[in-house]
Amino acid sequence: MIPLRVACIGRHGQTAQAIAAAVAGYPSIELLQAGRDGADLTDPTALEAFLHQSRAHVVINAGAYNFVDKAESDEATAFAVNADGPRTLARLCRRHGLQLIHMSTDCVFDGAGREPHTEDNQPRPLSAYGRSKLAGELAVAEEYPEASTARVCWVFSEYADNFVSKVIEWARARPVLQIVSDQIGPPTYAPDIAIALLRLARTKVEGVHDIRGPLHLASPDAMSRSDMAQAIVSESQRQGGPFARIEPVTTASFNAPAKRPLNARLSNAKATRRLGLDWTPFNDALQRSVAGVLRRTAS
């Protein structure tokens with residue numbers, strides 16, 4: 001198999017860490033990753049230098065400003081990183097003949113209805129964060145129509161900071177956790193996303209299929225945040241970790257600065273069919289994630 005050179009921006013996030021772990025099992029893939037210190041999305045000169053250094057066939061942009069609530073009072077920074085940065089990156093990738101996979105989120109939708117959002121549904125973000133991510137999608141499409149945008153949702157894993165690590169951290173500090181019960185979404189295992197991104201990367205480079213525009217990489221499972229939290233603390237307790245009682249509450253009772261979509265479901269039908277994807281069963285993925293979080297956070 002012809003070696004595939006992949007450059008990944010945003011090396012410290014859980015998806016980027018999952019990509020690095022996945023590549024370790026594929027000698028035909030060469031990976032170069034950079035965080036903000038090596039590929040700042042707000043610094044065009046640094047971005048271009050990183051692309052030259054990588055000698056990549058395809059670039060995965062996993063970097064983002066993802067402070068959802070903070071973005072309500074820091075919208076300028078959110079747009080600089082999530083919209084202006086991807087525009088610059090798309091322009092550079094097109095200029096230098098590099099394939100581009102940009103990552104986005106379910107938060108570009110308003111969460112109306114109960115059916116999974118498809119790639120053809122009209123985005124209507126509820127928050128500054130969602131607006132910045134949608135602006136990034138549109139900028140990438142405008143600058144580089146052949147690029148792909150991978151939307152992900154409720155990502156969890158043994159890597160970095162995510163809902164699993166947060167719930168375990170909260171359970172260490174409090175006996176009762178209030179978790180919203182009216183937000184429904186597909187908890188999606190980061191290693192599954194990593195495999196999907198690498199398959200998409202090879203598909204784009206080899207030109208087997210013309211996959212451009214938005215593509216939803218999300219688990220077929222769906223549950224409430226409170227049910228996910230209950231599963232996390234139960235698995236943590238089973239593995240000798242902390243436990244807390246989960247108290248379901250409504251999103252409205254939290255009065256968070258940023259609105260979240262109540263229906264975060266994303267249809268994975270297109271991606272699963274085009275890329276031949278398999279999805280790790282939730283319980284198996286959760287067992288691995290909790291084990292990993294407990295190992296790296298043990299005092």
# chains A, B, ... in the order shown; residues from 1 in each chain; ligands from 1
$ select_by_dssp --residues "region 70-127 of chain A" --states "strand (DSSP E)" --output "PDB file with all heavy atoms, in the first residue's frame"
ATOM      1  N   GLN A  99      -5.099  17.672   0.205  1.00  0.00           N
ATOM      2  CA  GLN A  99      -6.473  17.377   0.589  1.00  0.00           C
ATOM      3  C   GLN A  99      -6.729  17.897   2.007  1.00  0.00           C
ATOM      4  O   GLN A  99      -5.804  17.944   2.831  1.00  0.00           O
ATOM      5  CB  GLN A  99      -6.734  15.873   0.528  1.00  0.00           C
ATOM      6  CG  GLN A  99      -6.624  15.269  -0.860  1.00  0.00           C
ATOM      7  CD  GLN A  99      -7.767  15.677  -1.766  1.00  0.00           C
ATOM      8  OE1 GLN A  99      -8.798  16.159  -1.317  1.00  0.00           O
ATOM      9  NE2 GLN A  99      -7.571  15.484  -3.069  1.00  0.00           N
ATOM     10  N   LEU A 100      -7.971  18.264   2.298  1.00  0.00           N
ATOM     11  CA  LEU A 100      -8.300  18.832   3.610  1.00  0.00           C
ATOM     12  C   LEU A 100      -9.545  18.180   4.180  1.00  0.00           C
ATOM     13  O   LEU A 100     -10.561  18.043   3.495  1.00  0.00           O
ATOM     14  CB  LEU A 100      -8.519  20.343   3.495  1.00  0.00           C
ATOM     15  CG  LEU A 100      -9.025  21.051   4.768  1.00  0.00           C
ATOM     16  CD1 LEU A 100      -8.020  20.928   5.910  1.00  0.00           C
ATOM     17  CD2 LEU A 100      -9.338  22.512   4.472  1.00  0.00           C
ATOM     18  N   ILE A 101      -9.431  17.783   5.460  1.00  0.00           N
ATOM     19  CA  ILE A 101     -10.586  17.333   6.243  1.00  0.00           C
ATOM     20  C   ILE A 101     -10.702  18.271   7.441  1.00  0.00           C
ATOM     21  O   ILE A 101      -9.816  18.316   8.295  1.00  0.00           O
ATOM     22  CB  ILE A 101     -10.420  15.880   6.729  1.00  0.00           C
ATOM     23  CG1 ILE A 101     -10.243  14.931   5.543  1.00  0.00           C
ATOM     24  CG2 ILE A 101     -11.632  15.463   7.567  1.00  0.00           C
ATOM     25  CD1 ILE A 101      -9.856  13.520   5.951  1.00  0.00           C
ATOM     26  N   HIS A 102     -11.772  19.025   7.471  1.00  0.00           N
ATOM     27  CA  HIS A 102     -12.022  19.974   8.554  1.00  0.00           C
ATOM     28  C   HIS A 102     -13.032  19.360   9.516  1.00  0.00           C
ATOM     29  O   HIS A 102     -13.978  18.696   9.089  1.00  0.00           O
ATOM     30  CB  HIS A 102     -12.566  21.281   7.967  1.00  0.00           C
ATOM     31  CG  HIS A 102     -13.014  22.276   8.977  1.00  0.00           C
ATOM     32  ND1 HIS A 102     -12.154  22.838   9.894  1.00  0.00           N
ATOM     33  CD2 HIS A 102     -14.237  22.814   9.225  1.00  0.00           C
ATOM     34  CE1 HIS A 102     -12.835  23.689  10.656  1.00  0.00           C
ATOM     35  NE2 HIS A 102     -14.087  23.687  10.270  1.00  0.00           N
ATOM     36  N   MET A 103     -12.847  19.555  10.807  1.00  0.00           N
ATOM     37  CA  MET A 103     -13.749  18.958  11.786  1.00  0.00           C
ATOM     38  C   MET A 103     -14.721  19.987  12.347  1.00  0.00           C
ATOM     39  O   MET A 103     -14.346  21.112  12.660  1.00  0.00           O
ATOM     40  CB  MET A 103     -12.953  18.292  12.909  1.00  0.00           C
ATOM     41  CG  MET A 103     -12.103  17.139  12.411  1.00  0.00           C
ATOM     42  SD  MET A 103     -11.496  16.085  13.737  1.00  0.00           S
ATOM     43  CE  MET A 103     -13.038  15.386  14.331  1.00  0.00           C
ATOM     44  N   SER A 104     -15.979  19.550  12.485  1.00  0.00           N
ATOM     45  CA  SER A 104     -17.016  20.427  13.014  1.00  0.00           C
ATOM     46  C   SER A 104     -17.880  19.665  14.011  1.00  0.00           C
ATOM     47  O   SER A 104     -17.468  18.630  14.525  1.00  0.00           O
ATOM     48  CB  SER A 104     -17.853  21.026  11.869  1.00  0.00           C
ATOM     49  OG  SER A 104     -18.686  22.075  12.336  1.00  0.00           O
ATOM     50  N   THR A 105     -19.093  20.135  14.249  1.00  0.00           N
ATOM     51  CA  THR A 105     -19.853  19.708  15.418  1.00  0.00           C
ATOM     52  C   THR A 105     -21.357  19.688  15.166  1.00  0.00           C
ATOM     53  O   THR A 105     -21.853  20.377  14.255  1.00  0.00           O
ATOM     54  CB  THR A 105     -19.568  20.678  16.586  1.00  0.00           C
ATOM     55  OG1 THR A 105     -20.463  20.438  17.668  1.00  0.00           O
ATOM     56  CG2 THR A 105     -19.763  22.127  16.153  1.00  0.00           C
TER      57      THR A 105
END
$ residues_around --residues "Cys93 (chain A)" --least-positions-apart "3" --cutoff "9 Å" --atoms "only C-alpha atoms" --output "ChimeraX atom specification"
/A:48,51,58-59,88-90,96-100,144
$ residues_around --residues "region 265-275 of chain A" --least-positions-apart "2" --cutoff "6 Å" --atoms "only C-alpha atoms" --output "VMD selection string"
chain A and resid 116 to 118 185 to 186 216 to 218 263 277
$ closest_residue --among "A:Leu31, A:Ala258, A:Ala24, A:Cys107" --to "Lys133 (chain A)" --atoms "only C-alpha atoms"
A:Cys107
